[in-house]
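A.B. asks: So I've got this file, model.cif, and it contains mmCIF, C-alpha atoms:
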```cif
data_input
loop_
_atom_site.group_PDB
_atom_site.id
_atom_site.type_symbol
_atom_site.label_atom_id
_atom_site.label_comp_id
_atom_site.auth_asym_id
_atom_site.auth_seq_id
_atom_site.Cartn_x
_atom_site.Cartn_y
_atom_site.Cartn_z
ATOM 1 C CA MET A 292 -19.831 -40.768 -19.501
ATOM 2 C CA PRO A 293 -22.253 -39.449 -16.830
ATOM 3 C CA PHE A 294 -21.439 -39.465 -13.131
ATOM 4 C CA LEU A 295 -23.451 -40.107 -9.982
ATOM 5 C CA GLU A 296 -23.453 -37.168 -7.569
ATOM 6 C CA LEU A 297 -24.304 -37.470 -3.877
ATOM 7 C CA SER A 298 -25.092 -34.393 -1.754
ATOM 8 C CA LEU A 299 -24.946 -34.979 1.975
ATOM 9 C CA ARG A 300 -25.415 -32.409 4.751
ATOM 10 C CA VAL A 301 -23.235 -32.900 7.833
ATOM 11 C CA ARG A 302 -22.121 -30.972 10.907
ATOM 12 C CA ALA A 303 -18.592 -29.525 10.938
ATOM 13 C CA GLU A 304 -17.508 -31.992 13.611
ATOM 14 C CA ASP A 305 -18.638 -34.922 11.430
ATOM 15 C CA GLU A 306 -17.124 -33.665 8.166
ATOM 16 C CA HIS A 307 -13.757 -35.426 8.412
ATOM 17 C CA ARG A 308 -15.293 -38.836 9.156
ATOM 18 C CA ALA A 309 -17.922 -38.490 6.423
ATOM 19 C CA GLU A 310 -15.369 -37.334 3.849
ATOM 20 C CA ASN A 311 -13.044 -40.230 4.659
ATOM 21 C CA ALA A 312 -15.944 -42.690 4.365
ATOM 22 C CA LEU A 313 -16.912 -41.316 0.950
ATOM 23 C CA MET A 314 -13.349 -41.549 -0.322
ATOM 24 C CA ASP A 315 -13.044 -45.095 1.001
ATOM 25 C CA LEU A 316 -16.198 -45.956 -0.951
ATOM 26 C CA GLY A 317 -14.554 -44.839 -4.189
ATOM 27 C CA ALA A 318 -15.642 -41.224 -4.555
ATOM 28 C CA LEU A 319 -13.719 -39.569 -7.390
ATOM 29 C CA SER A 320 -13.895 -36.223 -5.607
ATOM 30 C CA VAL A 321 -15.487 -34.637 -2.545
ATOM 31 C CA THR A 322 -16.353 -30.931 -2.519
ATOM 32 C CA LEU A 323 -17.208 -28.941 0.621
ATOM 33 C CA LEU A 324 -19.936 -26.286 0.359
ATOM 34 C CA ASP A 325 -21.678 -24.015 2.844
ATOM 35 C CA ALA A 326 -24.933 -25.808 3.650
ATOM 36 C CA ASP A 327 -26.506 -22.410 4.385
ATOM 37 C CA ALA A 328 -25.381 -20.747 1.133
ATOM 38 C CA ALA A 329 -27.867 -18.197 -0.253
ATOM 39 C CA THR A 330 -29.555 -17.914 3.169
ATOM 40 C CA PRO A 331 -29.172 -15.299 5.947
ATOM 41 C CA ASN A 332 -26.874 -17.780 7.744
ATOM 42 C CA GLU A 333 -24.329 -17.924 4.900
ATOM 43 C CA LYS A 334 -20.772 -17.399 6.125
ATOM 44 C CA ALA A 335 -17.673 -16.374 4.162
ATOM 45 C CA VAL A 336 -14.752 -18.828 4.203
ATOM 46 C CA LEU A 337 -12.043 -18.020 1.645
ATOM 47 C CA GLU A 338 -8.469 -18.838 2.597
ATOM 48 C CA PRO A 339 -7.402 -20.420 5.905
ATOM 49 C CA GLY A 340 -5.840 -18.333 8.605
ATOM 50 C CA VAL A 341 -2.454 -19.192 10.026
ATOM 51 C CA GLY A 342 -2.530 -22.689 11.535
ATOM 52 C CA GLU A 343 -6.252 -23.277 11.057
ATOM 53 C CA THR A 344 -8.708 -24.949 8.692
ATOM 54 C CA PRO A 345 -11.991 -23.007 8.869
ATOM 55 C CA LEU A 346 -15.274 -24.822 8.201
ATOM 56 C CA TRP A 347 -18.893 -23.785 8.127
ATOM 57 C CA PRO A 348 -21.063 -25.009 11.055
ATOM 58 C CA GLU A 349 -23.138 -27.058 8.591
ATOM 59 C CA ILE A 350 -21.522 -28.434 5.432
ATOM 60 C CA THR A 351 -22.856 -29.994 2.255
ATOM 61 C CA LEU A 352 -20.498 -32.679 0.995
ATOM 62 C CA VAL A 353 -20.829 -33.234 -2.746
ATOM 63 C CA ALA A 354 -19.269 -36.558 -3.777
ATOM 64 C CA LEU A 355 -18.823 -37.667 -7.379
ATOM 65 C CA PHE A 356 -18.921 -41.391 -8.227
ATOM 66 C CA GLU A 357 -18.652 -43.392 -11.435
ATOM 67 C CA GLY A 358 -21.950 -43.369 -13.320
ATOM 68 C CA ASP A 359 -22.693 -47.070 -12.796
ATOM 69 C CA THR A 360 -22.524 -46.747 -8.979
ATOM 70 C CA VAL A 361 -25.732 -47.953 -7.264
ATOM 71 C CA PRO A 362 -27.086 -45.258 -4.871
ATOM 72 C CA GLU A 363 -28.624 -47.739 -2.436
ATOM 73 C CA LEU A 364 -25.313 -49.556 -2.065
ATOM 74 C CA VAL A 365 -23.533 -46.258 -1.312
ATOM 75 C CA LEU A 366 -26.024 -45.439 1.442
ATOM 76 C CA HIS A 367 -25.819 -48.947 2.896
ATOM 77 C CA ALA A 368 -22.019 -48.830 2.897
ATOM 78 C CA LEU A 369 -21.968 -45.345 4.467
ATOM 79 C CA GLU A 370 -24.224 -46.559 7.259
ATOM 80 C CA SER A 371 -21.901 -49.516 7.817
ATOM 81 C CA PHE A 372 -18.839 -47.257 7.906
ATOM 82 C CA ASP A 373 -20.347 -44.817 10.420
ATOM 83 C CA ASP A 374 -23.916 -45.112 11.703
ATOM 84 C CA ALA A 375 -23.645 -41.618 13.256
ATOM 85 C CA ILE A 376 -23.811 -39.974 9.808
ATOM 86 C CA ASP A 377 -27.320 -38.632 9.160
ATOM 87 C CA LEU A 378 -28.393 -40.045 5.797
ATOM 88 C CA SER A 379 -31.987 -38.773 5.941
ATOM 89 C CA GLN A 380 -31.253 -35.838 3.608
ATOM 90 C CA ALA A 381 -28.917 -37.642 1.217
ATOM 91 C CA ASP A 382 -29.696 -36.674 -2.367
ATOM 92 C CA PHE A 383 -28.489 -38.337 -5.585
ATOM 93 C CA ARG A 384 -28.536 -37.037 -9.147
ATOM 94 C CA THR A 385 -26.928 -37.934 -12.461
ATOM 95 C CA VAL A 386 -24.603 -35.286 -13.924
ATOM 96 C CA ALA A 387 -23.281 -35.160 -17.474
ATOM 97 C CA ASP A 388 -19.572 -35.355 -18.194
ATOM 98 C CA GLN A 389 -18.076 -32.054 -19.313
ATOM 99 C CA ASP A 390 -14.966 -29.913 -19.167
ATOM 100 C CA TRP A 391 -15.674 -28.444 -15.729
ATOM 101 C CA GLU A 392 -12.934 -25.814 -15.771
ATOM 102 C CA ARG A 393 -13.864 -24.522 -19.194
ATOM 103 C CA ALA A 394 -17.577 -24.444 -18.308
ATOM 104 C CA TRP A 395 -16.680 -22.443 -15.200
ATOM 105 C CA MET A 396 -14.510 -19.977 -17.120
ATOM 106 C CA ASP A 397 -17.267 -19.464 -19.707
ATOM 107 C CA GLN A 398 -19.257 -17.640 -17.007
ATOM 108 C CA TYR A 399 -16.743 -14.791 -16.908
ATOM 109 C CA VAL A 400 -16.710 -11.602 -18.964
ATOM 110 C CA PRO A 401 -14.145 -8.790 -19.294
ATOM 111 C CA LEU A 402 -14.160 -6.576 -16.198
ATOM 112 C CA GLN A 403 -12.792 -3.061 -15.667
ATOM 113 C CA PHE A 404 -11.165 -1.923 -12.426
ATOM 114 C CA GLY A 405 -10.374 1.735 -11.934
ATOM 115 C CA ARG A 406 -9.528 3.842 -14.964
ATOM 116 C CA ARG A 407 -7.090 1.592 -16.836
ATOM 117 C CA THR A 408 -7.178 -2.034 -15.703
ATOM 118 C CA TRP A 409 -9.093 -4.762 -17.526
ATOM 119 C CA ILE A 410 -9.215 -8.449 -16.603
ATOM 120 C CA VAL A 411 -10.109 -10.447 -19.715
ATOM 121 C CA PRO A 412 -10.627 -14.258 -19.824
ATOM 122 C CA TRP A 413 -8.383 -16.150 -22.232
ATOM 123 C CA ASN A 414 -11.341 -17.258 -24.348
ATOM 124 C CA MET A 415 -12.669 -13.743 -25.026
ATOM 125 C CA ASP A 416 -11.583 -10.706 -27.017
ATOM 126 C CA PRO A 417 -11.088 -7.414 -25.148
ATOM 127 C CA PRO A 418 -14.060 -5.064 -25.568
ATOM 128 C CA PRO A 419 -13.554 -1.974 -27.767
ATOM 129 C CA GLU A 420 -13.520 0.313 -24.727
ATOM 130 C CA ALA A 421 -10.434 -1.512 -23.406
ATOM 131 C CA LYS A 422 -8.250 -0.574 -26.403
ATOM 132 C CA ASP A 423 -6.395 2.151 -24.466
ATOM 133 C CA GLY A 424 -6.335 0.245 -21.196
ATOM 134 C CA VAL A 425 -4.077 -2.271 -19.483
ATOM 135 C CA ILE A 426 -5.211 -5.845 -20.204
ATOM 136 C CA VAL A 427 -4.493 -8.840 -17.993
ATOM 137 C CA ARG A 428 -5.388 -12.171 -19.572
ATOM 138 C CA LEU A 429 -6.403 -14.603 -16.879
ATOM 139 C CA ASP A 430 -7.268 -18.254 -16.483
ATOM 140 C CA PRO A 431 -7.496 -18.746 -12.695
ATOM 141 C CA GLY A 432 -7.336 -22.534 -13.012
ATOM 142 C CA LEU A 433 -6.975 -24.105 -9.578
ATOM 143 C CA ALA A 434 -6.195 -20.952 -7.622
ATOM 144 C CA PHE A 435 -8.459 -18.301 -6.156
ATOM 145 C CA GLY A 436 -8.504 -14.937 -7.877
ATOM 146 C CA SER A 437 -10.473 -13.902 -10.947
ATOM 147 C CA GLY A 438 -11.331 -10.319 -10.061
ATOM 148 C CA THR A 439 -15.004 -11.020 -9.429
ATOM 149 C CA HIS A 440 -14.751 -11.072 -5.631
ATOM 150 C CA PRO A 441 -14.908 -7.673 -3.857
ATOM 151 C CA THR A 442 -11.633 -8.297 -2.001
ATOM 152 C CA THR A 443 -9.758 -8.695 -5.288
ATOM 153 C CA ALA A 444 -11.637 -5.821 -6.915
ATOM 154 C CA LEU A 445 -10.694 -3.497 -4.041
ATOM 155 C CA CYS A 446 -7.012 -4.317 -4.527
ATOM 156 C CA LEU A 447 -7.148 -3.964 -8.303
ATOM 157 C CA ARG A 448 -8.728 -0.521 -8.050
ATOM 158 C CA TRP A 449 -6.039 0.519 -5.550
ATOM 159 C CA LEU A 450 -3.219 -0.670 -7.813
ATOM 160 C CA ASP A 451 -4.836 1.126 -10.745
ATOM 161 C CA SER A 452 -4.678 4.389 -8.774
ATOM 162 C CA LEU A 453 -0.897 4.177 -8.118
ATOM 163 C CA VAL A 454 2.108 5.259 -10.137
ATOM 164 C CA LEU A 455 3.963 1.947 -10.341
ATOM 165 C CA ARG A 456 6.525 2.579 -13.073
ATOM 166 C CA GLY A 457 9.954 1.278 -12.053
ATOM 167 C CA LYS A 458 8.744 -0.166 -8.718
ATOM 168 C CA THR A 459 8.792 -3.704 -7.334
ATOM 169 C CA VAL A 460 5.511 -5.004 -5.907
ATOM 170 C CA LEU A 461 5.022 -7.771 -3.315
ATOM 171 C CA ASP A 462 1.771 -9.746 -3.699
ATOM 172 C CA PHE A 463 1.423 -11.674 -0.427
ATOM 173 C CA GLY A 464 -1.150 -14.452 -0.818
ATOM 174 C CA CYS A 465 -0.969 -14.246 -4.598
ATOM 175 C CA GLY A 466 -3.513 -16.958 -5.510
ATOM 176 C CA SER A 467 -3.817 -16.813 -9.303
ATOM 177 C CA GLY A 468 -1.307 -13.936 -9.451
ATOM 178 C CA ILE A 469 -3.939 -11.471 -10.616
ATOM 179 C CA LEU A 470 -2.644 -8.586 -8.472
ATOM 180 C CA ALA A 471 1.024 -9.117 -9.348
ATOM 181 C CA LEU A 472 0.119 -9.362 -13.042
ATOM 182 C CA ALA A 473 -1.958 -6.199 -12.898
ATOM 183 C CA ALA A 474 0.909 -4.347 -11.176
ATOM 184 C CA LEU A 475 3.347 -5.424 -13.896
ATOM 185 C CA LYS A 476 0.978 -4.441 -16.678
ATOM 186 C CA LEU A 477 0.475 -1.080 -14.924
ATOM 187 C CA GLY A 478 4.210 -0.360 -15.138
ATOM 188 C CA ALA A 479 5.907 -2.079 -12.193
ATOM 189 C CA SER A 480 9.393 -3.268 -13.123
ATOM 190 C CA ALA A 481 9.184 -6.473 -11.060
ATOM 191 C CA ALA A 482 6.828 -8.401 -8.794
ATOM 192 C CA VAL A 483 7.144 -11.093 -6.140
ATOM 193 C CA GLY A 484 4.287 -13.496 -5.418
ATOM 194 C CA VAL A 485 4.080 -15.376 -2.106
ATOM 195 C CA ASP A 486 1.552 -18.098 -1.284
ATOM 196 C CA ASN A 487 1.410 -21.162 0.967
ATOM 197 C CA ASP A 488 -0.232 -23.236 -1.813
ATOM 198 C CA PRO A 489 2.178 -24.648 -4.432
ATOM 199 C CA GLN A 490 -0.716 -24.846 -6.918
ATOM 200 C CA ALA A 491 -1.231 -21.095 -6.517
ATOM 201 C CA LEU A 492 2.439 -20.459 -7.250
ATOM 202 C CA ALA A 493 2.240 -22.656 -10.352
ATOM 203 C CA ALA A 494 -0.876 -20.803 -11.537
ATOM 204 C CA THR A 495 0.773 -17.429 -10.904
ATOM 205 C CA ALA A 496 3.918 -18.372 -12.824
ATOM 206 C CA ASP A 497 1.903 -19.825 -15.707
ATOM 207 C CA ASN A 498 -0.350 -16.765 -15.943
ATOM 208 C CA ALA A 499 2.722 -14.507 -15.915
ATOM 209 C CA GLU A 500 4.289 -16.399 -18.825
ATOM 210 C CA ARG A 501 1.076 -16.254 -20.812
ATOM 211 C CA ASN A 502 0.852 -12.502 -20.199
ATOM 212 C CA GLY A 503 4.419 -11.983 -21.400
ATOM 213 C CA VAL A 504 5.781 -10.894 -18.001
ATOM 214 C CA GLY A 505 7.249 -14.183 -16.781
ATOM 215 C CA ASP A 506 10.762 -12.760 -16.596
ATOM 216 C CA GLN A 507 9.576 -9.981 -14.256
ATOM 217 C CA LEU A 508 7.922 -12.208 -11.648
ATOM 218 C CA GLN A 509 9.321 -14.464 -8.920
ATOM 219 C CA VAL A 510 7.191 -16.752 -6.735
ATOM 220 C CA PHE A 511 7.971 -18.192 -3.300
ATOM 221 C CA LEU A 512 6.481 -20.229 -0.503
ATOM 222 C CA PRO A 513 6.418 -18.112 2.699
ATOM 223 C CA GLU A 514 9.353 -19.958 4.221
ATOM 224 C CA ASN A 515 11.476 -19.315 1.133
ATOM 225 C CA GLU A 516 10.564 -15.686 0.552
ATOM 226 C CA PRO A 517 13.595 -13.361 0.742
ATOM 227 C CA ALA A 518 13.357 -10.772 3.515
ATOM 228 C CA ALA A 519 13.317 -7.647 1.382
ATOM 229 C CA ASN A 520 11.726 -4.183 1.405
ATOM 230 C CA TYR A 521 9.232 -3.173 -1.262
ATOM 231 C CA PRO A 522 7.754 0.217 -2.152
ATOM 232 C CA VAL A 523 4.352 -1.434 -2.747
ATOM 233 C CA VAL A 524 2.862 -4.388 -0.821
ATOM 234 C CA VAL A 525 -0.602 -5.889 -1.257
ATOM 235 C CA ALA A 526 -1.974 -8.708 0.910
ATOM 236 C CA ASN A 527 -5.372 -10.121 -0.026
ATOM 237 C CA ILE A 528 -5.847 -12.729 2.696
ATOM 238 C CA LEU A 529 -8.203 -12.981 5.689
ATOM 239 C CA ALA A 530 -8.302 -10.721 8.740
ATOM 240 C CA VAL A 531 -6.990 -13.424 11.080
ATOM 241 C CA ALA A 532 -3.917 -13.882 8.873
ATOM 242 C CA LEU A 533 -3.409 -10.125 8.488
ATOM 243 C CA ASP A 534 -3.423 -9.871 12.276
ATOM 244 C CA ALA A 535 -0.990 -12.763 12.772
ATOM 245 C CA LEU A 536 1.357 -11.521 10.023
ATOM 246 C CA ALA A 537 1.225 -7.810 10.860
ATOM 247 C CA GLU A 538 4.862 -7.494 11.915
ATOM 248 C CA THR A 539 6.072 -9.550 8.946
ATOM 249 C CA LEU A 540 4.047 -7.544 6.437
ATOM 250 C CA ALA A 541 5.091 -4.238 7.990
ATOM 251 C CA SER A 542 8.747 -5.251 7.741
ATOM 252 C CA ARG A 543 8.318 -5.858 3.993
ATOM 253 C CA VAL A 544 7.254 -2.258 3.272
ATOM 254 C CA ALA A 545 10.058 0.210 2.627
ATOM 255 C CA PRO A 546 9.940 3.545 4.510
ATOM 256 C CA GLY A 547 7.526 5.772 2.634
ATOM 257 C CA GLY A 548 6.100 2.742 0.829
ATOM 258 C CA VAL A 549 2.425 1.837 0.696
ATOM 259 C CA ILE A 550 0.408 -1.221 1.699
ATOM 260 C CA ALA A 551 -3.071 -2.512 0.925
ATOM 261 C CA LEU A 552 -4.725 -5.127 3.137
ATOM 262 C CA SER A 553 -7.874 -6.929 1.987
ATOM 263 C CA GLY A 554 -9.937 -10.011 2.744
ATOM 264 C CA ILE A 555 -11.437 -8.122 5.707
ATOM 265 C CA LEU A 556 -15.122 -8.344 6.563
ATOM 266 C CA HIS A 557 -16.907 -5.125 7.532
ATOM 267 C CA GLY A 558 -16.509 -4.747 11.294
ATOM 268 C CA GLN A 559 -13.044 -6.340 11.401
ATOM 269 C CA GLU A 560 -11.198 -3.258 10.157
ATOM 270 C CA GLY A 561 -11.033 -1.367 13.483
ATOM 271 C CA PRO A 562 -8.686 -3.695 15.413
ATOM 272 C CA LEU A 563 -6.506 -4.170 12.324
ATOM 273 C CA MET A 564 -6.154 -0.420 11.770
ATOM 274 C CA GLU A 565 -5.190 0.000 15.413
ATOM 275 C CA LYS A 566 -2.576 -2.759 15.159
ATOM 276 C CA TYR A 567 -1.067 -1.514 11.885
ATOM 277 C CA SER A 568 -0.923 2.064 13.228
ATOM 278 C CA THR A 569 2.250 0.912 15.024
ATOM 279 C CA TRP A 570 4.040 1.137 11.664
ATOM 280 C CA PHE A 571 1.755 3.031 9.253
ATOM 281 C CA ASP A 572 0.329 6.534 8.843
ATOM 282 C CA GLN A 573 -2.572 7.727 6.685
ATOM 283 C CA LEU A 574 -4.516 4.544 7.381
ATOM 284 C CA GLU A 575 -7.782 4.480 5.474
ATOM 285 C CA ALA A 576 -10.550 1.894 5.156
ATOM 286 C CA VAL A 577 -12.684 1.552 2.001
ATOM 287 C CA GLN A 578 -15.783 -0.657 1.765
ATOM 288 C CA ASP A 579 -17.202 -2.750 -1.076
ATOM 289 C CA GLY A 580 -20.321 -4.611 0.004
ATOM 290 C CA ASP A 581 -19.464 -6.680 3.076
ATOM 291 C CA TRP A 582 -15.714 -6.343 2.508
ATOM 292 C CA MET A 583 -13.075 -3.777 3.465
ATOM 293 C CA ARG A 584 -9.657 -2.665 2.240
ATOM 294 C CA ILE A 585 -7.142 -0.889 4.470
ATOM 295 C CA THR A 586 -4.322 1.193 3.029
ATOM 296 C CA GLY A 587 -1.463 3.022 4.712
ATOM 297 C CA VAL A 588 1.983 4.622 4.306
ATOM 298 C CA ARG A 589 4.996 3.138 6.109
ATOM 299 C CA ARG A 590 6.707 5.448 8.572
ATOM 300 C CA ALA A 591 10.487 5.836 8.467
ATOM 301 C CA GLY A 592 12.414 4.135 11.241
#
```
Please rewrite the model in this file as structure tokens.
C.D. replies:
Amino acid sequence: MPFLELSLRVRAEDEHRAENALMDLGALSVTLLDADAATPNEKAVLEPGVGETPLWPEITLVALFEGDTVPELVLHALESFDDAIDLSQADFRTVADQDWERAWMDQYVPLQFGRRTWIVPWNMDPPPEAKDGVIVRLDPGLAFGSGTHPTTALCLRWLDSLVLRGKTVLDFGCGSGILALAALKLGASAAVGVDNDPQALAATADNAERNGVGDQLQVFLPENEPAANYPVVVANILAVALDALAETLASRVAPGGVIALSGILHGQEGPLMEKYSTWFDQLEAVQDGDWMRITGVRRAG
């Protein structure tokens, strides 16, 4: 059965009211997109910082309705709900029913990170050149993390460069679990995944089981995470969260252990390196496009 899709551009301050109005009108889903995507004004918003919900200045709301919904009635009802919503650029189209998650996954191909690590979608065979490598089978599902974003790629290449055999790895902000899974496949004896999204923890645990390493991985919400020391810590979150959690993350790294911080836009690395220098030596920043990764070694004491 086809669906009716409405695209509506709104200001950030109007988003909550417009979204509520669409849901009240029977929208099956409402998706938020950067209205300036693919333009010089595009802004990166990945995961929220601590205590905040970031939004783009201008947002395109994409609402999905049952296929027999009448567009004119939707517009009339929206105007009745809130006459401050600008409906002049409202756009409707009919979209075919399909398996959205599978269609999305079909866009992905096997990817190599570093010398050994391969991320291979569930629906594809590993390429011949991956036969001597480490293969992580991944279906990101509802959680962020497929390896295609530079922040994830930076972390995967860093993990690939380490000797992980016999070590326990903390993946803080685990998303799909891709970094914890890669660490386990690269020889780590155990991994801990922490995320504030229960769906991310479910995806991580499921991906671990399907990769045959479920018994080596534990997942926790931040408030339930045991206060432990780890020889390897990776945190792929945003700069604002890395700043707010600096003391917590530093306390998780064992003396002599290593840390990788990612989710940092170019230009944000300086203040973070200065802050983390309180606890870490050998701090180094590596760039991939607009994104940075910081690594360091935890000082004793």
A.B. asks: Counting all atoms listed in the file, what is within 9 Å of A:Ser320, bar same-chain residues fewer than 5 positions away, as a list of chain:residue names?
C.D. replies: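 Using all atoms listed in the file, the neighbours found are A:Leu313, A:Met314, A:Val353, A:Ala354, A:Leu355, A:Phe356.
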A.B. asks: Using all atoms listed in the file, which of the listed residues (A:Gln559, A:Thr385, A:Thr351, A:Gln509) sits closest to A:Trp582?
C.D. replies: A:Gln559
A.B. asks: Please evaluate the PyMOL selection byres ((chain A and resi 459) around 6) against the structure above and give the resulting residues as number ranges by chain.
C.D. replies: A: 458, 460, 479-482
A.B. asks: Would you please work out which residue, of A:Ala326, A:Ala303, A:Ala532, A:Ala318, is nearest to A:Ser553 when using all atoms listed in the file?
C.D. replies: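 Residue with the minimum atom-to-atom distance to A:Ser553: A:Ala532.
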A.B. asks: Just how far from atom CA of A:Lys476 is atom CA of A:Ala526, in Å to one decimal?
C.D. replies: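 If I compute the distance from atom CA of A:Ala526 to atom CA of A:Lys476, I get 18.3 Å.
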A.B. asks: Which of these, A:Gly358, A:Gly457, A:Pro441, A:Gly466, has the shortest distance to A:Leu429 once you count all atoms listed in the file?
C.D. replies: A:Gly466
A.B. asks: Calculated over only C-alpha atoms, which of the candidates A:Trp449, A:Arg300, A:Asn311, A:Pro348 has the smallest distance to A:Asp377?
C.D. replies: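 Under the stated criterion, the closest residue is A:Arg300.
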A.B. asks: Selected by the PyMOL selection byres ((chain A and resi 474) around 12) in the shown coordinates: which residues, as a compact mmCIF listing (two decimals) with C-alpha atoms, in the frame of the given file?
C.D. replies:
```
# COMPACT_ATOMS: atom_id res chain seq x y z
CA ARG A 407 -7.09 1.59 -16.84
CA THR A 408 -7.18 -2.03 -15.70
CA TRP A 409 -9.09 -4.76 -17.53
CA VAL A 425 -4.08 -2.27 -19.48
CA ILE A 426 -5.21 -5.84 -20.20
CA VAL A 427 -4.49 -8.84 -17.99
CA CYS A 446 -7.01 -4.32 -4.53
CA LEU A 447 -7.15 -3.96 -8.30
CA ARG A 448 -8.73 -0.52 -8.05
CA TRP A 449 -6.04 0.52 -5.55
CA LEU A 450 -3.22 -0.67 -7.81
CA ASP A 451 -4.84 1.13 -10.74
CA SER A 452 -4.68 4.39 -8.77
CA LEU A 453 -0.90 4.18 -8.12
CA VAL A 454 2.11 5.26 -10.14
CA LEU A 455 3.96 1.95 -10.34
CA ARG A 456 6.52 2.58 -13.07
CA GLY A 457 9.95 1.28 -12.05
CA LYS A 458 8.74 -0.17 -8.72
CA THR A 459 8.79 -3.70 -7.33
CA VAL A 460 5.51 -5.00 -5.91
CA LEU A 461 5.02 -7.77 -3.32
CA ASP A 462 1.77 -9.75 -3.70
CA GLY A 468 -1.31 -13.94 -9.45
CA ILE A 469 -3.94 -11.47 -10.62
CA LEU A 470 -2.64 -8.59 -8.47
CA ALA A 471 1.02 -9.12 -9.35
CA LEU A 472 0.12 -9.36 -13.04
CA ALA A 473 -1.96 -6.20 -12.90
CA LEU A 475 3.35 -5.42 -13.90
CA LYS A 476 0.98 -4.44 -16.68
CA LEU A 477 0.48 -1.08 -14.92
CA GLY A 478 4.21 -0.36 -15.14
CA ALA A 479 5.91 -2.08 -12.19
CA SER A 480 9.39 -3.27 -13.12
CA ALA A 481 9.18 -6.47 -11.06
CA ALA A 482 6.83 -8.40 -8.79
CA VAL A 483 7.14 -11.09 -6.14
CA GLY A 484 4.29 -13.50 -5.42
CA ALA A 499 2.72 -14.51 -15.92
CA VAL A 504 5.78 -10.89 -18.00
CA GLN A 507 9.58 -9.98 -14.26
CA LEU A 508 7.92 -12.21 -11.65
CA VAL A 523 4.35 -1.43 -2.75
CA VAL A 524 2.86 -4.39 -0.82
CA VAL A 525 -0.60 -5.89 -1.26
```
A.B. asks: Output the residue selection produced by the PyMOL selection byres ((chain A and resi 568) around 12) on the file above, formatted as a list in words.
C.D. replies: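 Selected by the PyMOL selection byres ((chain A and resi 568) around 12) in this file: Ala537, Glu538, Ala541, Glu560, Gly561, Pro562, Leu563, Met564, Glu565, Lys566, Tyr567, Thr569, Trp570, Phe571, Asp572, Gln573, Leu574, Glu575, Ile585, Thr586, Gly587, Val588, Arg589 and Arg590 of chain A.
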A.B. asks: Of the residues A:Leu324, A:Leu369, A:Met583, A:Ala518, which is the one nearest to A:Leu352, using all atoms listed in the file?
C.D. replies: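 Among A:Leu324, A:Leu369, A:Met583, A:Ala518, it is A:Leu324 that comes nearest to A:Leu352.
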A.B. asks: Put the listed atoms of stretch 358-361 of chain A in a box along x, y and z with 6 Å added on every side and give me the centre and edge lengths in Å to one decimal, as lines of an AutoDock Vina configuration file.
C.D. replies:
```
center_x = -23.8
center_y = -45.7
center_z = -10.3
size_x = 15.8
size_y = 16.6
size_z = 18.1
```
A.B. asks: What is the distance, in Å and to one decimal place, between atom CA of A:Gly554 and atom CA of A:Glu516?
C.D. replies: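 Value for the atom CA of A:Gly554-atom CA of A:Glu516 distance: 21.4 Å.
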A.B. asks: Smallest atom-to-atom distance to A:Asp315: which of A:Phe404, A:Leu299, A:Gly464, A:Phe372, using only C-alpha atoms?
C.D. replies: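 Of A:Phe404, A:Leu299, A:Gly464, A:Phe372, the one nearest A:Asp315 is A:Phe372, counting only C-alpha atoms.
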A.B. asks: Mind pulling up the distance from atom CA of A:Asn515 to atom CA of A:Pro546?
C.D. replies: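 Answer for the atom CA of A:Pro546 to atom CA of A:Asn515 separation: 23.2 Å.
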